[in-house]
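Scroll down for the structure; my scribbles are underneath it.
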Amino acid sequence: MPMHAAPDAPYPRHWEADVVAADGATAHLRPIRPDDADAVVAFHSRLSERTRYYRYFSPYPTIPARDLKRFVEVDHHDSVALVLWLGDEIIAIGRYVRLGPDDPSAEVAFVVRDDHQGRGLGSILLEHLAAAAEEVGITRFVAEVLTENRAMIRTFRQAGYDVARAVEGSTLHLEFDVAATERSTEVRLAREQAAEARSVANVLHPRSVAVVGASVDPGKLGHVVLANLLRQGFTGPVYPVNPEARSVCGVRAYPTVLDIPDDVDLAVVAVPAPEVSGVVDGCLAKGVKALVVVTSGFGETGDAGVAAQRELVTLARSRGMRVVGPSALGVVNLDPAYRLNATLAPQLPPPGRVGFFCQSGALGIQILATAAQRRLGLSTFVSAGNRADLSGNDLMQYWDTDPATDVVLLYLESFGNPRKFARVARRLARRKPVVAVASGRHATPGLAASTSPLEDASVAAVFDQSGVIRVSSVDELFDVALLVANQPLPAGPRIGIVGNSSALGVLAADVALATGMHLAFPPVDVGAMADPAELADAAARALEDDGCDALVIVFSPPVSTDGAEHADALAEVVTGADKPVTTTFLASAGVPEHLVVPSPPEAGGADVPARGSVPSYPSPERAVLALARVVRYTQWLQRPVGDFVVPPGCDLAAARALVDSWGPFETAAVLTDEQADALLASVGIRVAPFRRARSAQEAVDVAAELGGTVVLKTVVRTWRHGSDLAGVRLGLTDPEAVATAYQQLAQLSGSPEVDVQSQVPPGLPVVVELRDDPSFGSLVSFGLAGVVTELLGDRAYCATPLSTMDAHTLVRAPRAAPLLDGYRGSRPMDLAALEDLLLRVGQLADHVPELRALSLDPILAAERGAHPTSMRAVLGPPPGPLDAGPRRLPE
């Protein structure tokens, strides 16, 4: 295979990536460089004879100088080599070489050091090589593999590509297209989930913990973490690291991590910021799997701190470790097999089945204290501080398959990779309720570059689309969590209300109706002086009603009682019911947060609500609102997911080629109408034919060329979209009318240019827009056109990618949408055509990330078809990070 060396070729730095292996450890991938020669020789010397034979089909004990030069001097185009580094050592190499000039095929091969085989590194190299090949126009890989090299054959076979095979003696010849298939994408995402879940498990399931910076001073962070680990009763050994103390908290201390005689899985770092990098080096040599950095003084301090934080993460990842923090509160695993409290929090909730992710350390302490107060049992908790590495996305990947977690809670201040958040949350929410509160929606000056501010419209749209139960405060987060953690999900929106106060019943009913629920029956009032049995009997009858999906019990204790007997009577009836029940006991200090509160021995006597316990809320409004949030989630679960399809005639390769021919885009640029029309046509969106005219006679000629009825529009867009359509002339059929319209529009706008366009069938004007949202990337919006709609903000939003169900929902989501579907006897418009158009816009947004804005305004929705008549498109540098391509950790 010929190799074309070009030592001074541009270095494709965008091919660099931090990656996660199957065992959860990290490594750094980058293109090979000439100065890697010594490391390549060292790598080769550590390969076993068998591995060298499998790779080179011969013993090949040493690399000749001529071969070494070919290996490390590549042109990053026809010959590409990617190396995986762990610290200062190469642990795997993959390469491809084009078979000939302008040949679309290349031969691919890779080799993994023996002590790192079985970690999924080959599949990572294959993904990145395929992406690099596509970028330079290589469409097909071929490989020659010895038939006895089963591991390599398995790597190719299980990658999800359509592989053609042919046996030639002792060699297996393989060929496959490098373009991603549906199956290869499924494989990639499944491997991503498993690897990232394992990396989180390395943090939350350590067999041993070292506290680096453990201090004898009770006021220091290291002392607090060590004391909390010991107080919680961590089941493995705990090693204080302090060069100046023989022991801390009565436990023998060691001068450095390297002096610890046994293995260390997790290191909690509490040394000053300038000393952290030295600790990371020691942890690499020790084989530590993960770091929790509680030290502050990084990204929160400004640009210099951001740079130091990025250097910390780069250093740790290149040495195989994930990082929680810096400025982290820490991590908790309340599983009795671990009893891990590696945090600064003085109070923990009881064990349970709720996972909690929180960014803020200060708020994390309050959250843990509130969870303890409200007796919400947690399985695991992570407060990631600056979230420089481990993020909420990683935790969701872990909780997706964690058998100890049934409910996921998120307190988010920003997103690292918002597109990935939407994808992972959508999958997780199908399995387990995800409840989130998003702060920081309105102000973010000073946010690190890796964060995105949370904006109301986009967050609401993406959360709704992904099935995330969005709440507005920490109190509401716990209100919903107590319900989904302890009660079954409601089958529908029909709510029953039972109580001893008509005022409370009416209040609960008002909130239920205002939040989109229905009353199964009028609120039942058993009377202010009803005894416990009467209240319990009314609740039992409500639960037996087939038309009731959920029950709210409201109770105001009479002066003569605190309500405890009523609570006990209700508990016998409603505990363990197959419908969710919430309660409100007003002015009743003696009634607990739950009607039934068992105390299992493993909780140390703490009151831990069991599944089936009935949560009690301080007001009817909060009880009903929590139930309404869960009802909406249930409705999302019952809705079909839809399919992610490419509509017929949608040529995404052509769209990509057009944008590449116009780029690169260093700043945003507005496309000409002709360019925008060509881009839309590539994905099958046909704008009504138009031509530009610069005189009355040219307008007449263009109208004749187009034929039929035409429209004249000024090129000045402010006149086009006025409510009086002053810049538009409709229904022009003869030359004289066209000429007159031209003169009027030219005089109105002061410009001699006018667009002449074929008139489309009459219909209702609607607007489809694509905008680059700083929180979630591409958002597609839909609404009816017009000033009133704009004034009221009656638009619906969806994040890309769009499924068929997303498009179906989006068209029907605006409040004015019934006008499109036969409102008051009018003829219904072609909603299927609108859905098809939305799917095409979504595909365009997904495959052309440079498309920063697109407006189709107006589109005339007719009885047959949907006809765009005007468009505006803006291209610019792609907003990152993207959620596509080979596996990589965010920078």
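How things are named: the first chain in the structure tokens is A, the next is B, and so on; residues count from 1 in each chain; ligands count from 1 in the order shown.
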I'd like a table as JSON lines: residues in stretch 185-255 of chain A with an atom no more than 12 Å from stretch 319-334 of chain A, each row giving the shortest atom pair and its distance in Å to one decimal, only C-alpha atoms counted, sorted by chain and rising residue number.
{"residue": "A:Ala195", "atom": "CA", "partner": "A:Arg322", "partner_atom": "CA", "distance": 11.8}
{"residue": "A:Glu196", "atom": "CA", "partner": "A:Arg322", "partner_atom": "CA", "distance": 9.9}
{"residue": "A:Ala197", "atom": "CA", "partner": "A:Arg322", "partner_atom": "CA", "distance": 11.7}
{"residue": "A:Arg198", "atom": "CA", "partner": "A:Arg322", "partner_atom": "CA", "distance": 10.8}
{"residue": "A:Ser199", "atom": "CA", "partner": "A:Arg322", "partner_atom": "CA", "distance": 7.0}
{"residue": "A:Val200", "atom": "CA", "partner": "A:Arg322", "partner_atom": "CA", "distance": 8.2}
{"residue": "A:Ala201", "atom": "CA", "partner": "A:Asn333", "partner_atom": "CA", "distance": 10.2}
{"residue": "A:Asn202", "atom": "CA", "partner": "A:Arg322", "partner_atom": "CA", "distance": 8.7}
{"residue": "A:Val203", "atom": "CA", "partner": "A:Val331", "partner_atom": "CA", "distance": 8.0}
{"residue": "A:Leu204", "atom": "CA", "partner": "A:Asn333", "partner_atom": "CA", "distance": 6.0}
{"residue": "A:His205", "atom": "CA", "partner": "A:Asn333", "partner_atom": "CA", "distance": 7.5}
{"residue": "A:Pro206", "atom": "CA", "partner": "A:Asn333", "partner_atom": "CA", "distance": 9.8}
{"residue": "A:Val209", "atom": "CA", "partner": "A:Val331", "partner_atom": "CA", "distance": 11.9}
{"residue": "A:Val211", "atom": "CA", "partner": "A:Gly330", "partner_atom": "CA", "distance": 11.9}
{"residue": "A:Leu221", "atom": "CA", "partner": "A:Leu329", "partner_atom": "CA", "distance": 10.0}
{"residue": "A:Gly222", "atom": "CA", "partner": "A:Gly330", "partner_atom": "CA", "distance": 11.7}
{"residue": "A:Val224", "atom": "CA", "partner": "A:Leu329", "partner_atom": "CA", "distance": 11.1}
{"residue": "A:Val225", "atom": "CA", "partner": "A:Gly330", "partner_atom": "CA", "distance": 8.6}
{"residue": "A:Leu226", "atom": "CA", "partner": "A:Gly330", "partner_atom": "CA", "distance": 11.8}
{"residue": "A:Asn228", "atom": "CA", "partner": "A:Val332", "partner_atom": "CA", "distance": 10.5}
{"residue": "A:Leu229", "atom": "CA", "partner": "A:Val332", "partner_atom": "CA", "distance": 9.7}
{"residue": "A:Gln232", "atom": "CA", "partner": "A:Leu334", "partner_atom": "CA", "distance": 9.0}
{"residue": "A:Gly233", "atom": "CA", "partner": "A:Leu334", "partner_atom": "CA", "distance": 10.3}
{"residue": "A:Phe234", "atom": "CA", "partner": "A:Asn333", "partner_atom": "CA", "distance": 9.5}
{"residue": "A:Thr235", "atom": "CA", "partner": "A:Leu334", "partner_atom": "CA", "distance": 11.0}
Report task. Could you give me, as a PyMOL selection string, the residues within 10 Å of stretch 38-50 of chain A, counting only C-alpha atoms and dropping anything in the same chain fewer than 5 positions from it? Result -> chain A and resi 32+55+57-64+68+71-72+83+85+88-93+111-115+149
Just the helix (DSSP H, G or I) stuff from stretch 276-361 of chain A, please, per backbone DSSP, written as a PDB file with all heavy atoms, in the first residue's frame.
ATOM      1  N   VAL A 276      -2.985  20.709  42.397  1.00  0.00           N
ATOM      2  CA  VAL A 276      -3.861  19.650  41.894  1.00  0.00           C
ATOM      3  C   VAL A 276      -3.194  18.847  40.787  1.00  0.00           C
ATOM      4  O   VAL A 276      -3.297  17.619  40.735  1.00  0.00           O
ATOM      5  CB  VAL A 276      -5.199  20.240  41.425  1.00  0.00           C
ATOM      6  CG1 VAL A 276      -6.032  19.182  40.716  1.00  0.00           C
ATOM      7  CG2 VAL A 276      -5.979  20.787  42.614  1.00  0.00           C
ATOM      8  N   SER A 277      -2.488  19.516  39.866  1.00  0.00           N
ATOM      9  CA  SER A 277      -1.886  18.789  38.744  1.00  0.00           C
ATOM     10  C   SER A 277      -0.881  17.755  39.230  1.00  0.00           C
ATOM     11  O   SER A 277      -0.783  16.654  38.674  1.00  0.00           O
ATOM     12  CB  SER A 277      -1.228  19.760  37.766  1.00  0.00           C
ATOM     13  OG  SER A 277      -0.188  20.487  38.404  1.00  0.00           O
ATOM     14  N   GLY A 278      -0.117  18.081  40.269  1.00  0.00           N
ATOM     15  CA  GLY A 278       0.807  17.108  40.825  1.00  0.00           C
ATOM     16  C   GLY A 278       0.091  15.904  41.410  1.00  0.00           C
ATOM     17  O   GLY A 278       0.562  14.765  41.301  1.00  0.00           O
ATOM     18  N   VAL A 279      -1.071  16.142  42.021  1.00  0.00           N
ATOM     19  CA  VAL A 279      -1.875  15.045  42.560  1.00  0.00           C
ATOM     20  C   VAL A 279      -2.363  14.145  41.436  1.00  0.00           C
ATOM     21  O   VAL A 279      -2.366  12.912  41.558  1.00  0.00           O
ATOM     22  CB  VAL A 279      -3.061  15.604  43.364  1.00  0.00           C
ATOM     23  CG1 VAL A 279      -4.027  14.493  43.742  1.00  0.00           C
ATOM     24  CG2 VAL A 279      -2.564  16.339  44.600  1.00  0.00           C
ATOM     25  N   VAL A 280      -2.760  14.745  40.303  1.00  0.00           N
ATOM     26  CA  VAL A 280      -3.245  13.955  39.167  1.00  0.00           C
ATOM     27  C   VAL A 280      -2.145  13.023  38.665  1.00  0.00           C
ATOM     28  O   VAL A 280      -2.395  11.848  38.363  1.00  0.00           O
ATOM     29  CB  VAL A 280      -3.740  14.882  38.034  1.00  0.00           C
ATOM     30  CG1 VAL A 280      -4.090  14.066  36.786  1.00  0.00           C
ATOM     31  CG2 VAL A 280      -4.945  15.676  38.491  1.00  0.00           C
ATOM     32  N   ASP A 281      -0.903  13.519  38.581  1.00  0.00           N
ATOM     33  CA  ASP A 281       0.207  12.663  38.150  1.00  0.00           C
ATOM     34  C   ASP A 281       0.378  11.472  39.089  1.00  0.00           C
ATOM     35  O   ASP A 281       0.572  10.331  38.647  1.00  0.00           O
ATOM     36  CB  ASP A 281       1.502  13.475  38.099  1.00  0.00           C
ATOM     37  CG  ASP A 281       1.537  14.436  36.919  1.00  0.00           C
ATOM     38  OD1 ASP A 281       0.883  14.137  35.901  1.00  0.00           O
ATOM     39  OD2 ASP A 281       2.204  15.464  37.023  1.00  0.00           O
ATOM     40  N   GLY A 282       0.309  11.730  40.378  1.00  0.00           N
ATOM     41  CA  GLY A 282       0.444  10.642  41.347  1.00  0.00           C
ATOM     42  C   GLY A 282      -0.686   9.643  41.248  1.00  0.00           C
ATOM     43  O   GLY A 282      -0.479   8.428  41.376  1.00  0.00           O
ATOM     44  N   CYS A 283      -1.893  10.137  40.989  1.00  0.00           N
ATOM     45  CA  CYS A 283      -3.045   9.244  40.868  1.00  0.00           C
ATOM     46  C   CYS A 283      -2.931   8.358  39.627  1.00  0.00           C
ATOM     47  O   CYS A 283      -3.361   7.200  39.641  1.00  0.00           O
ATOM     48  CB  CYS A 283      -4.336  10.058  40.817  1.00  0.00           C
ATOM     49  SG  CYS A 283      -4.768  10.835  42.411  1.00  0.00           S
ATOM     50  N   LEU A 284      -2.373   8.894  38.546  1.00  0.00           N
ATOM     51  CA  LEU A 284      -2.145   8.065  37.367  1.00  0.00           C
ATOM     52  C   LEU A 284      -1.213   6.909  37.701  1.00  0.00           C
ATOM     53  O   LEU A 284      -1.497   5.748  37.392  1.00  0.00           O
ATOM     54  CB  LEU A 284      -1.544   8.894  36.237  1.00  0.00           C
ATOM     55  CG  LEU A 284      -0.964   8.072  35.071  1.00  0.00           C
ATOM     56  CD1 LEU A 284      -2.064   7.324  34.332  1.00  0.00           C
ATOM     57  CD2 LEU A 284      -0.176   8.952  34.111  1.00  0.00           C
ATOM     58  N   ALA A 285      -0.079   7.239  38.335  1.00  0.00           N
ATOM     59  CA  ALA A 285       0.887   6.195  38.672  1.00  0.00           C
ATOM     60  C   ALA A 285       0.278   5.167  39.619  1.00  0.00           C
ATOM     61  O   ALA A 285       0.641   3.985  39.585  1.00  0.00           O
ATOM     62  CB  ALA A 285       2.132   6.826  39.288  1.00  0.00           C
ATOM     63  N   LYS A 286      -0.671   5.585  40.438  1.00  0.00           N
ATOM     64  CA  LYS A 286      -1.295   4.686  41.400  1.00  0.00           C
ATOM     65  C   LYS A 286      -2.414   3.863  40.772  1.00  0.00           C
ATOM     66  O   LYS A 286      -2.860   2.854  41.353  1.00  0.00           O
ATOM     67  CB  LYS A 286      -1.842   5.509  42.584  1.00  0.00           C
ATOM     68  CG  LYS A 286      -2.351   4.673  43.739  1.00  0.00           C
ATOM     69  CD  LYS A 286      -1.243   3.828  44.362  1.00  0.00           C
ATOM     70  CE  LYS A 286      -1.749   2.969  45.482  1.00  0.00           C
ATOM     71  NZ  LYS A 286      -0.704   2.048  45.990  1.00  0.00           N
ATOM     72  N   GLY A 299     -12.615  27.494  37.274  1.00  0.00           N
ATOM     73  CA  GLY A 299     -13.428  28.197  36.292  1.00  0.00           C
ATOM     74  C   GLY A 299     -14.251  29.340  36.844  1.00  0.00           C
ATOM     75  O   GLY A 299     -14.590  30.268  36.114  1.00  0.00           O
ATOM     76  N   GLU A 300     -14.553  29.292  38.133  1.00  0.00           N
ATOM     77  CA  GLU A 300     -15.394  30.342  38.713  1.00  0.00           C
ATOM     78  C   GLU A 300     -14.643  31.641  38.967  1.00  0.00           C
ATOM     79  O   GLU A 300     -15.245  32.653  39.333  1.00  0.00           O
ATOM     80  CB  GLU A 300     -16.033  29.839  40.012  1.00  0.00           C
ATOM     81  CG  GLU A 300     -15.096  29.768  41.199  1.00  0.00           C
ATOM     82  CD  GLU A 300     -14.226  28.515  41.214  1.00  0.00           C
ATOM     83  OE1 GLU A 300     -14.259  27.749  40.233  1.00  0.00           O
ATOM     84  OE2 GLU A 300     -13.519  28.314  42.215  1.00  0.00           O
ATOM     85  N   THR A 301     -13.308  31.641  38.752  1.00  0.00           N
ATOM     86  CA  THR A 301     -12.500  32.819  39.082  1.00  0.00           C
ATOM     87  C   THR A 301     -12.195  33.707  37.892  1.00  0.00           C
ATOM     88  O   THR A 301     -11.612  34.770  38.054  1.00  0.00           O
ATOM     89  CB  THR A 301     -11.173  32.389  39.726  1.00  0.00           C
ATOM     90  OG1 THR A 301     -10.421  31.618  38.778  1.00  0.00           O
ATOM     91  CG2 THR A 301     -11.421  31.559  40.981  1.00  0.00           C
ATOM     92  N   ASP A 303     -10.946  34.048  33.458  1.00  0.00           N
ATOM     93  CA  ASP A 303     -10.311  33.403  32.308  1.00  0.00           C
ATOM     94  C   ASP A 303      -9.139  32.522  32.710  1.00  0.00           C
ATOM     95  O   ASP A 303      -8.971  31.414  32.178  1.00  0.00           O
ATOM     96  CB  ASP A 303      -9.852  34.461  31.310  1.00  0.00           C
ATOM     97  CG  ASP A 303     -11.016  35.182  30.634  1.00  0.00           C
ATOM     98  OD1 ASP A 303     -12.140  34.635  30.681  1.00  0.00           O
ATOM     99  OD2 ASP A 303     -10.809  36.273  30.082  1.00  0.00           O
ATOM    100  N   ALA A 304      -8.313  33.002  33.618  1.00  0.00           N
ATOM    101  CA  ALA A 304      -7.167  32.197  34.039  1.00  0.00           C
ATOM    102  C   ALA A 304      -7.631  30.912  34.718  1.00  0.00           C
ATOM    103  O   ALA A 304      -7.054  29.836  34.502  1.00  0.00           O
ATOM    104  CB  ALA A 304      -6.271  33.005  34.977  1.00  0.00           C
ATOM    105  N   GLY A 305      -8.673  31.024  35.516  1.00  0.00           N
ATOM    106  CA  GLY A 305      -9.201  29.834  36.167  1.00  0.00           C
ATOM    107  C   GLY A 305      -9.817  28.863  35.183  1.00  0.00           C
ATOM    108  O   GLY A 305      -9.704  27.644  35.337  1.00  0.00           O
ATOM    109  N   VAL A 306     -10.491  29.390  34.142  1.00  0.00           N
ATOM    110  CA  VAL A 306     -11.058  28.525  33.106  1.00  0.00           C
ATOM    111  C   VAL A 306      -9.951  27.752  32.405  1.00  0.00           C
ATOM    112  O   VAL A 306     -10.066  26.552  32.145  1.00  0.00           O
ATOM    113  CB  VAL A 306     -11.870  29.361  32.093  1.00  0.00           C
ATOM    114  CG1 VAL A 306     -12.249  28.518  30.877  1.00  0.00           C
ATOM    115  CG2 VAL A 306     -13.117  29.929  32.748  1.00  0.00           C
ATOM    116  N   ALA A 307      -8.836  28.441  32.105  1.00  0.00           N
ATOM    117  CA  ALA A 307      -7.714  27.772  31.441  1.00  0.00           C
ATOM    118  C   ALA A 307      -7.120  26.686  32.335  1.00  0.00           C
ATOM    119  O   ALA A 307      -6.807  25.580  31.876  1.00  0.00           O
ATOM    120  CB  ALA A 307      -6.651  28.795  31.061  1.00  0.00           C
ATOM    121  N   ALA A 308      -6.984  26.989  33.629  1.00  0.00           N
ATOM    122  CA  ALA A 308      -6.443  25.995  34.558  1.00  0.00           C
ATOM    123  C   ALA A 308      -7.382  24.808  34.691  1.00  0.00           C
ATOM    124  O   ALA A 308      -6.949  23.654  34.799  1.00  0.00           O
ATOM    125  CB  ALA A 308      -6.205  26.641  35.924  1.00  0.00           C
ATOM    126  N   GLN A 309      -8.668  25.072  34.674  1.00  0.00           N
ATOM    127  CA  GLN A 309      -9.665  24.007  34.769  1.00  0.00           C
ATOM    128  C   GLN A 309      -9.609  23.109  33.545  1.00  0.00           C
ATOM    129  O   GLN A 309      -9.664  21.875  33.652  1.00  0.00           O
ATOM    130  CB  GLN A 309     -11.043  24.643  34.902  1.00  0.00           C
ATOM    131  CG  GLN A 309     -12.202  23.680  35.001  1.00  0.00           C
ATOM    132  CD  GLN A 309     -13.487  24.410  35.350  1.00  0.00           C
ATOM    133  OE1 GLN A 309     -13.640  24.926  36.449  1.00  0.00           O
ATOM    134  NE2 GLN A 309     -14.412  24.478  34.396  1.00  0.00           N
ATOM    135  N   ARG A 310      -9.476  23.726  32.362  1.00  0.00           N
ATOM    136  CA  ARG A 310      -9.383  22.934  31.136  1.00  0.00           C
ATOM    137  C   ARG A 310      -8.115  22.082  31.153  1.00  0.00           C
ATOM    138  O   ARG A 310      -8.116  20.923  30.733  1.00  0.00           O
ATOM    139  CB  ARG A 310      -9.385  23.884  29.933  1.00  0.00           C
ATOM    140  CG  ARG A 310      -9.473  23.170  28.595  1.00  0.00           C
ATOM    141  CD  ARG A 310      -9.591  24.150  27.440  1.00  0.00           C
ATOM    142  NE  ARG A 310     -10.815  24.923  27.489  1.00  0.00           N
ATOM    143  CZ  ARG A 310     -10.871  26.236  27.680  1.00  0.00           C
ATOM    144  NH1 ARG A 310      -9.762  26.921  27.851  1.00  0.00           N
ATOM    145  NH2 ARG A 310     -12.023  26.857  27.709  1.00  0.00           N
ATOM    146  N   GLU A 311      -7.033  22.646  31.655  1.00  0.00           N
ATOM    147  CA  GLU A 311      -5.780  21.889  31.737  1.00  0.00           C
ATOM    148  C   GLU A 311      -5.913  20.714  32.703  1.00  0.00           C
ATOM    149  O   GLU A 311      -5.413  19.615  32.447  1.00  0.00           O
ATOM    150  CB  GLU A 311      -4.646  22.822  32.186  1.00  0.00           C
ATOM    151  CG  GLU A 311      -3.291  22.151  32.262  1.00  0.00           C
ATOM    152  CD  GLU A 311      -2.192  23.101  32.707  1.00  0.00           C
ATOM    153  OE1 GLU A 311      -2.466  24.316  32.828  1.00  0.00           O
ATOM    154  OE2 GLU A 311      -1.058  22.629  32.954  1.00  0.00           O
ATOM    155  N   LEU A 312      -6.618  20.933  33.818  1.00  0.00           N
ATOM    156  CA  LEU A 312      -6.846  19.857  34.785  1.00  0.00           C
ATOM    157  C   LEU A 312      -7.595  18.692  34.140  1.00  0.00           C
ATOM    158  O   LEU A 312      -7.201  17.526  34.283  1.00  0.00           O
ATOM    159  CB  LEU A 312      -7.641  20.402  35.975  1.00  0.00           C
ATOM    160  CG  LEU A 312      -8.331  19.364  36.882  1.00  0.00           C
ATOM    161  CD1 LEU A 312      -7.299  18.473  37.560  1.00  0.00           C
ATOM    162  CD2 LEU A 312      -9.227  20.048  37.903  1.00  0.00           C
ATOM    163  N   VAL A 313      -8.675  19.001  33.427  1.00  0.00           N
ATOM    164  CA  VAL A 313      -9.476  17.946  32.813  1.00  0.00           C
ATOM    165  C   VAL A 313      -8.681  17.234  31.723  1.00  0.00           C
ATOM    166  O   VAL A 313      -8.717  15.999  31.623  1.00  0.00           O
ATOM    167  CB  VAL A 313     -10.786  18.531  32.249  1.00  0.00           C
ATOM    168  CG1 VAL A 313     -11.546  17.496  31.446  1.00  0.00           C
ATOM    169  CG2 VAL A 313     -11.648  19.054  33.389  1.00  0.00           C
ATOM    170  N   THR A 314      -7.968  18.002  30.913  1.00  0.00           N
ATOM    171  CA  THR A 314      -7.146  17.390  29.862  1.00  0.00           C
ATOM    172  C   THR A 314      -6.124  16.441  30.466  1.00  0.00           C
ATOM    173  O   THR A 314      -5.926  15.317  29.972  1.00  0.00           O
ATOM    174  CB  THR A 314      -6.442  18.476  29.040  1.00  0.00           C
ATOM    175  OG1 THR A 314      -7.418  19.316  28.422  1.00  0.00           O
ATOM    176  CG2 THR A 314      -5.546  17.870  27.970  1.00  0.00           C
ATOM    177  N   LEU A 315      -5.482  16.863  31.530  1.00  0.00           N
ATOM    178  CA  LEU A 315      -4.471  16.039  32.195  1.00  0.00           C
ATOM    179  C   LEU A 315      -5.083  14.764  32.756  1.00  0.00           C
ATOM    180  O   LEU A 315      -4.554  13.663  32.571  1.00  0.00           O
ATOM    181  CB  LEU A 315      -3.809  16.854  33.308  1.00  0.00           C
ATOM    182  CG  LEU A 315      -2.629  16.225  34.045  1.00  0.00           C
ATOM    183  CD1 LEU A 315      -1.455  16.038  33.105  1.00  0.00           C
ATOM    184  CD2 LEU A 315      -2.233  17.106  35.235  1.00  0.00           C
ATOM    185  N   ALA A 316      -6.225  14.905  33.437  1.00  0.00           N
ATOM    186  CA  ALA A 316      -6.849  13.734  34.057  1.00  0.00           C
ATOM    187  C   ALA A 316      -7.346  12.751  33.002  1.00  0.00           C
ATOM    188  O   ALA A 316      -7.118  11.538  33.097  1.00  0.00           O
ATOM    189  CB  ALA A 316      -7.998  14.177  34.953  1.00  0.00           C
ATOM    190  N   ARG A 317      -8.017  13.263  31.970  1.00  0.00           N
ATOM    191  CA  ARG A 317      -8.553  12.361  30.938  1.00  0.00           C
ATOM    192  C   ARG A 317      -7.433  11.636  30.200  1.00  0.00           C
ATOM    193  O   ARG A 317      -7.555  10.457  29.872  1.00  0.00           O
ATOM    194  CB  ARG A 317      -9.396  13.153  29.941  1.00  0.00           C
ATOM    195  CG  ARG A 317     -10.751  13.595  30.458  1.00  0.00           C
ATOM    196  CD  ARG A 317     -11.431  14.424  29.396  1.00  0.00           C
ATOM    197  NE  ARG A 317     -12.790  14.820  29.738  1.00  0.00           N
ATOM    198  CZ  ARG A 317     -13.536  15.629  28.985  1.00  0.00           C
ATOM    199  NH1 ARG A 317     -13.033  16.111  27.858  1.00  0.00           N
ATOM    200  NH2 ARG A 317     -14.759  15.948  29.358  1.00  0.00           N
ATOM    201  N   SER A 318      -6.346  12.343  29.914  1.00  0.00           N
ATOM    202  CA  SER A 318      -5.245  11.704  29.202  1.00  0.00           C
ATOM    203  C   SER A 318      -4.601  10.616  30.042  1.00  0.00           C
ATOM    204  O   SER A 318      -3.890   9.763  29.519  1.00  0.00           O
ATOM    205  CB  SER A 318      -4.195  12.742  28.813  1.00  0.00           C
ATOM    206  OG  SER A 318      -3.517  13.238  29.954  1.00  0.00           O
ATOM    207  N   GLY A 361     -22.595  23.529  44.475  1.00  0.00           N
ATOM    208  CA  GLY A 361     -22.199  22.932  45.745  1.00  0.00           C
ATOM    209  C   GLY A 361     -22.981  23.496  46.908  1.00  0.00           C
ATOM    210  O   GLY A 361     -23.460  22.759  47.773  1.00  0.00           O
TER     211      GLY A 361
END
Query raised in the report: If we count only C-alpha atoms, what is near A:Glu674 at a cut-off of 12 Å, once residues fewer than 6 positions away on the same chain are taken out, given as a VMD selection string?
Result: chain A and resid 680 to 681 687 689 to 692 755 870 to 873
Please dump the current selection as a short mmCIF file (atom, residue, chain, number, x, y, z; two decimals), in the first residue's frame; keep N, CA, C and O atoms.
data_model
loop_
_atom_site.label_atom_id
_atom_site.label_comp_id
_atom_site.auth_asym_id
_atom_site.auth_seq_id
_atom_site.Cartn_x
_atom_site.Cartn_y
_atom_site.Cartn_z
N LEU A 680 -33.11 24.86 -0.23
CA LEU A 680 -34.40 24.27 0.12
C LEU A 680 -34.81 23.21 -0.91
O LEU A 680 -35.34 22.15 -0.55
N ALA A 681 -34.56 23.49 -2.18
CA ALA A 681 -34.93 22.53 -3.22
C ALA A 681 -34.17 21.21 -3.06
O ALA A 681 -34.70 20.15 -3.39
N VAL A 687 -40.19 26.29 -3.18
CA VAL A 687 -40.74 27.64 -3.05
C VAL A 687 -41.36 28.01 -4.40
O VAL A 687 -40.85 27.63 -5.47
N PRO A 689 -42.08 29.40 -7.81
CA PRO A 689 -41.08 29.95 -8.73
C PRO A 689 -41.11 31.47 -8.77
O PRO A 689 -42.17 32.10 -8.77
N PHE A 690 -39.92 32.08 -8.82
CA PHE A 690 -39.83 33.54 -8.82
C PHE A 690 -38.62 33.97 -9.65
O PHE A 690 -37.68 33.20 -9.86
N ARG A 691 -38.67 35.20 -10.13
CA ARG A 691 -37.54 35.81 -10.83
C ARG A 691 -37.45 37.28 -10.40
O ARG A 691 -38.45 37.90 -10.06
N ARG A 692 -36.26 37.80 -10.45
CA ARG A 692 -36.04 39.20 -10.10
C ARG A 692 -36.16 40.06 -11.36
O ARG A 692 -35.62 39.70 -12.41
N ASP A 755 -39.60 41.31 -7.14
CA ASP A 755 -39.69 39.87 -7.40
C ASP A 755 -41.04 39.57 -8.05
O ASP A 755 -42.09 40.01 -7.57
N SER A 870 -41.95 32.71 0.48
CA SER A 870 -40.84 33.62 0.80
C SER A 870 -39.93 32.92 1.80
O SER A 870 -40.39 32.16 2.65
N MET A 871 -38.62 33.19 1.69
CA MET A 871 -37.67 32.52 2.58
C MET A 871 -36.50 33.45 2.86
O MET A 871 -36.19 34.36 2.07
N ARG A 872 -35.87 33.16 3.96
CA ARG A 872 -34.63 33.86 4.34
C ARG A 872 -33.77 32.86 5.09
O ARG A 872 -34.25 32.19 6.01
N ALA A 873 -32.50 32.75 4.72
CA ALA A 873 -31.60 31.79 5.35
C ALA A 873 -30.29 32.46 5.70
O ALA A 873 -29.79 33.30 4.95
#
